[in-house]
Amino acid sequence: MGRKPNDSEPSRWASLIILLLGLVSCSLVYMFMSVVLRPNNNSESEFVAMVQADGNDVLEGEEQSGGCCRGIENLELWGAAVKWGSDFKFNSSKECCKACKAMCTGNDGPCLCDTWVFCGNREACGPKFGECWLKKQKDTLVPDRQGAGNTVSWTSGLIFGKGEGIVGLETEYGTLHIKLLPDCAPHSVAYILELLGLRHCAGCQFYRAESRGEIWDSEGNHIKGASFGPPFALIQGTLEPQGTTFKKIPTEVCPTIRRGSVAWVGPGPEFFISLANHEEWKSAYTVFGSVLPEDMGIAEKIAQLPTKSDVWNNINVSVLEKPVPLWFRRMKTSHGDLNANNNAGSD
């Protein structure tokens with residue numbers, strides 16, 4: 001996966017970089033060893049992000065062994081209580097999350113619980129330690145926040161049931177309906193909900209498009225004996241509106257990239273939608289959503305638009321001759337849920 005070069009970087013540094021190539025090589029070796037010894041230490045470079053993939057098996061294992069159950073620390077979400085935490089306690093936030101999920105199976109109507117709030121810091125929580133509040137939002141796409149910041153001792157998470165948590169990614173070629181995954185990528189989804197609230201995304205666009213070529217079939221499966229690209233079967237862009245300051249997204253659950261996966265490149269704001277199953281990428285990218293299968297034709301259409309060749313960090317890529325603007329919008333009607341195991345690699 002290539003990251004779009006920073007066009008504003010002065011070219012006069014090129015010669016200095018060449019002269020210092022040996023020093024940079026030594027630095028990369030040091031970075032590699034640092035990541036191996038400290039796999040939870042996030043780095044800004046794409047190189048380190050790829051190295052970290054080898055340490056993300058735990059994240060993928062978490063997802064495969066019963067579903068993701070992640071929340072955001074130092075955040076207290078509000079809402080009507082369906083279980084009072086004073087009488088409902090657990091030893092971990094994951095148990096609290098699972099209790100909410102048990103009330104949102106989709107088998108007996110709408111979710112009775114879509115929000116969980118847990119107090120897990122024994123010192124900060126005091127007698128409230130272990131309290132698990134299960135709540136119901138008036139609007140899951142605009143969750144009610146009671147407080148956030150280091151002074152807040154609660155951890156909170158959202159649960160999207162069947163037909164919920166689906167947003168529209170608008171383009172001139174059609175709307176890509178995306179099922180968000182807050183239980184696997186809560187920080188990522190929180191950012192998408194912020195974009196949804198802006199009602200505009202000036203500067204957000206797709207700028208790279210590469211088809212499946214003769215490497216992957218129409219279902220996204222790799223054709224035996226073929227290379228792994230280029231083309232790399234994806235459309236890539238940015239989700240950073242003009243006039244805003246983007247805060248890097250922490251590494252979250254990184255499952256195997258499947259056809260339809262929506263994932264960050266590193267810590268964002270660059271992202272991509274995969275047109276194929278990329279087992280060869282292992283667990284390199286945080287996946288925060290999945291395009292509904294019936295909309296993948298729109299992504300395929302964008303991938304067929306006119307492009308020009310470019311090279312990013314020694315990777316041959318295809319850049320759109322005319323970038324495709326995009327923006328998020330709310331969906332007025334519910335859509336059928338999709339099988340996240342098959343399309344997003346998560347529950």
# chains A, B, ... in the order shown; residues from 1 in each chain; ligands from 1
$ closest_atom_pairs --of "segment 217-274 of chain A" --to "segment 166-176 of chain A" --cutoff "12 Å" --atoms "only C-alpha atoms" --output "tab-separated table"
residue	atom	partner	partner_atom	distance
A:Leu239	CA	A:Leu169	CA	10.9
A:Gly260	CA	A:Leu176	CA	10.1
A:Ser261	CA	A:Leu176	CA	12.0
A:Val262	CA	A:Leu176	CA	10.9
A:Ile273	CA	A:Leu176	CA	10.3
$ select_by_dssp --residues "segment 71-302 of chain A" --states "alpha helix (DSSP H)" --output "JSON, numbers by chain"
{"A": [93, 94, 95, 96, 97, 98, 99, 100, 101, 122, 123, 124, 125, 186, 187, 188, 189, 190, 191, 192, 193, 194, 195, 196, 197, 198, 296, 297, 298, 299, 300, 301, 302]}
$ write_last_selection --atoms "N, CA and C atoms" --output "mmCIF file, in the first residue's frame"
data_model
loop_
_atom_site.group_PDB
_atom_site.id
_atom_site.type_symbol
_atom_site.label_atom_id
_atom_site.label_comp_id
_atom_site.auth_asym_id
_atom_site.auth_seq_id
_atom_site.Cartn_x
_atom_site.Cartn_y
_atom_site.Cartn_z
ATOM 1 N N SER A 93 -14.289 -4.233 30.882
ATOM 2 C CA SER A 93 -15.134 -3.525 29.916
ATOM 3 C C SER A 93 -15.662 -4.478 28.850
ATOM 4 N N LYS A 94 -14.883 -5.514 28.524
ATOM 5 C CA LYS A 94 -15.318 -6.468 27.512
ATOM 6 C C LYS A 94 -16.573 -7.196 27.961
ATOM 7 N N GLU A 95 -16.632 -7.553 29.251
ATOM 8 C CA GLU A 95 -17.826 -8.223 29.774
ATOM 9 C C GLU A 95 -19.034 -7.293 29.716
ATOM 10 N N CYS A 96 -18.803 -6.024 29.995
ATOM 11 C CA CYS A 96 -19.882 -5.040 29.939
ATOM 12 C C CYS A 96 -20.382 -4.906 28.506
ATOM 13 N N CYS A 97 -19.464 -4.833 27.570
ATOM 14 C CA CYS A 97 -19.803 -4.742 26.151
ATOM 15 C C CYS A 97 -20.614 -5.953 25.705
ATOM 16 N N LYS A 98 -20.186 -7.143 26.114
ATOM 17 C CA LYS A 98 -20.885 -8.365 25.725
ATOM 18 C C LYS A 98 -22.299 -8.396 26.282
ATOM 19 N N ALA A 99 -22.484 -7.832 27.479
ATOM 20 C CA ALA A 99 -23.822 -7.789 28.065
ATOM 21 C C ALA A 99 -24.752 -6.931 27.217
ATOM 22 N N CYS A 100 -24.213 -5.832 26.665
ATOM 23 C CA CYS A 100 -24.999 -4.979 25.772
ATOM 24 C C CYS A 100 -25.287 -5.712 24.467
ATOM 25 N N LYS A 101 -24.286 -6.396 23.929
ATOM 26 C CA LYS A 101 -24.473 -7.136 22.681
ATOM 27 C C LYS A 101 -25.544 -8.210 22.821
ATOM 28 N N ARG A 122 -9.877 1.246 39.207
ATOM 29 C CA ARG A 122 -10.241 1.037 40.606
ATOM 30 C C ARG A 122 -9.984 2.276 41.461
ATOM 31 N N GLU A 123 -8.867 2.932 41.228
ATOM 32 C CA GLU A 123 -8.524 4.101 42.045
ATOM 33 C C GLU A 123 -9.441 5.277 41.733
ATOM 34 N N ALA A 124 -9.645 5.549 40.447
ATOM 35 C CA ALA A 124 -10.457 6.702 40.055
ATOM 36 C C ALA A 124 -11.948 6.461 40.296
ATOM 37 N N CYS A 125 -12.390 5.214 40.123
ATOM 38 C CA CYS A 125 -13.817 4.922 40.238
ATOM 39 C C CYS A 125 -14.289 4.778 41.676
ATOM 40 N N PRO A 186 -13.606 1.812 17.531
ATOM 41 C CA PRO A 186 -14.407 2.897 18.114
ATOM 42 C C PRO A 186 -13.877 4.298 17.834
ATOM 43 N N HIS A 187 -12.549 4.477 17.846
ATOM 44 C CA HIS A 187 -11.980 5.797 17.567
ATOM 45 C C HIS A 187 -12.229 6.197 16.116
ATOM 46 N N SER A 188 -12.079 5.241 15.218
ATOM 47 C CA SER A 188 -12.313 5.505 13.797
ATOM 48 C C SER A 188 -13.765 5.884 13.544
ATOM 49 N N VAL A 189 -14.683 5.124 14.132
ATOM 50 C CA VAL A 189 -16.102 5.393 13.920
ATOM 51 C C VAL A 189 -16.491 6.738 14.532
ATOM 52 N N ALA A 190 -15.906 7.071 15.680
ATOM 53 C CA ALA A 190 -16.192 8.376 16.290
ATOM 54 C C ALA A 190 -15.819 9.503 15.335
ATOM 55 N N TYR A 191 -14.710 9.333 14.611
ATOM 56 C CA TYR A 191 -14.299 10.357 13.649
ATOM 57 C C TYR A 191 -15.274 10.431 12.474
ATOM 58 N N ILE A 192 -15.725 9.278 11.982
ATOM 59 C CA ILE A 192 -16.676 9.270 10.872
ATOM 60 C C ILE A 192 -17.982 9.949 11.296
ATOM 61 N N LEU A 193 -18.414 9.728 12.523
ATOM 62 C CA LEU A 193 -19.630 10.374 13.014
ATOM 63 C C LEU A 193 -19.438 11.891 13.113
ATOM 64 N N GLU A 194 -18.209 12.325 13.409
ATOM 65 C CA GLU A 194 -17.921 13.763 13.401
ATOM 66 C C GLU A 194 -18.078 14.322 11.988
ATOM 67 N N LEU A 195 -17.545 13.601 11.000
ATOM 68 C CA LEU A 195 -17.681 14.040 9.606
ATOM 69 C C LEU A 195 -19.153 14.090 9.207
ATOM 70 N N LEU A 196 -19.911 13.126 9.688
ATOM 71 C CA LEU A 196 -21.336 13.084 9.374
ATOM 72 C C LEU A 196 -22.027 14.327 9.910
ATOM 73 N N GLY A 197 -21.577 14.789 11.071
ATOM 74 C CA GLY A 197 -22.173 15.973 11.678
ATOM 75 C C GLY A 197 -21.802 17.266 10.977
ATOM 76 N N LEU A 198 -20.670 17.264 10.254
ATOM 77 C CA LEU A 198 -20.239 18.475 9.552
ATOM 78 C C LEU A 198 -21.138 18.795 8.366
ATOM 79 N N MET A 296 -20.813 -2.469 -4.393
ATOM 80 C CA MET A 296 -19.437 -2.611 -4.849
ATOM 81 C C MET A 296 -19.288 -2.288 -6.338
ATOM 82 N N GLY A 297 -20.383 -2.351 -7.090
ATOM 83 C CA GLY A 297 -20.331 -1.969 -8.496
ATOM 84 C C GLY A 297 -19.941 -0.515 -8.675
ATOM 85 N N ILE A 298 -20.323 0.337 -7.705
ATOM 86 C CA ILE A 298 -19.962 1.757 -7.768
ATOM 87 C C ILE A 298 -18.458 1.910 -7.572
ATOM 88 N N ALA A 299 -17.921 1.167 -6.603
ATOM 89 C CA ALA A 299 -16.470 1.208 -6.378
ATOM 90 C C ALA A 299 -15.719 0.699 -7.605
ATOM 91 N N GLU A 300 -16.248 -0.350 -8.220
ATOM 92 C CA GLU A 300 -15.619 -0.887 -9.431
ATOM 93 C C GLU A 300 -15.646 0.146 -10.561
ATOM 94 N N LYS A 301 -16.729 0.893 -10.656
ATOM 95 C CA LYS A 301 -16.852 1.916 -11.701
ATOM 96 C C LYS A 301 -15.801 3.005 -11.504
ATOM 97 N N ILE A 302 -15.603 3.435 -10.258
ATOM 98 C CA ILE A 302 -14.581 4.447 -9.969
ATOM 99 C C ILE A 302 -13.200 3.915 -10.323
#
$ closest_residue --among "A:Leu158, A:Ala303, A:Cys68, A:Cys111" --to "Cys254 of chain A" --atoms "only C-alpha atoms"
A:Cys68
$ residues_around --residues "Leu305 of chain A" --least-positions-apart "5" --cutoff "10 Å" --atoms "only C-alpha atoms" --output "list in words"
Arg208, Ala209, Glu210, Ser211, Glu300, Val319, Leu320, Glu321, Lys322, Pro323 and Val324 of chain A
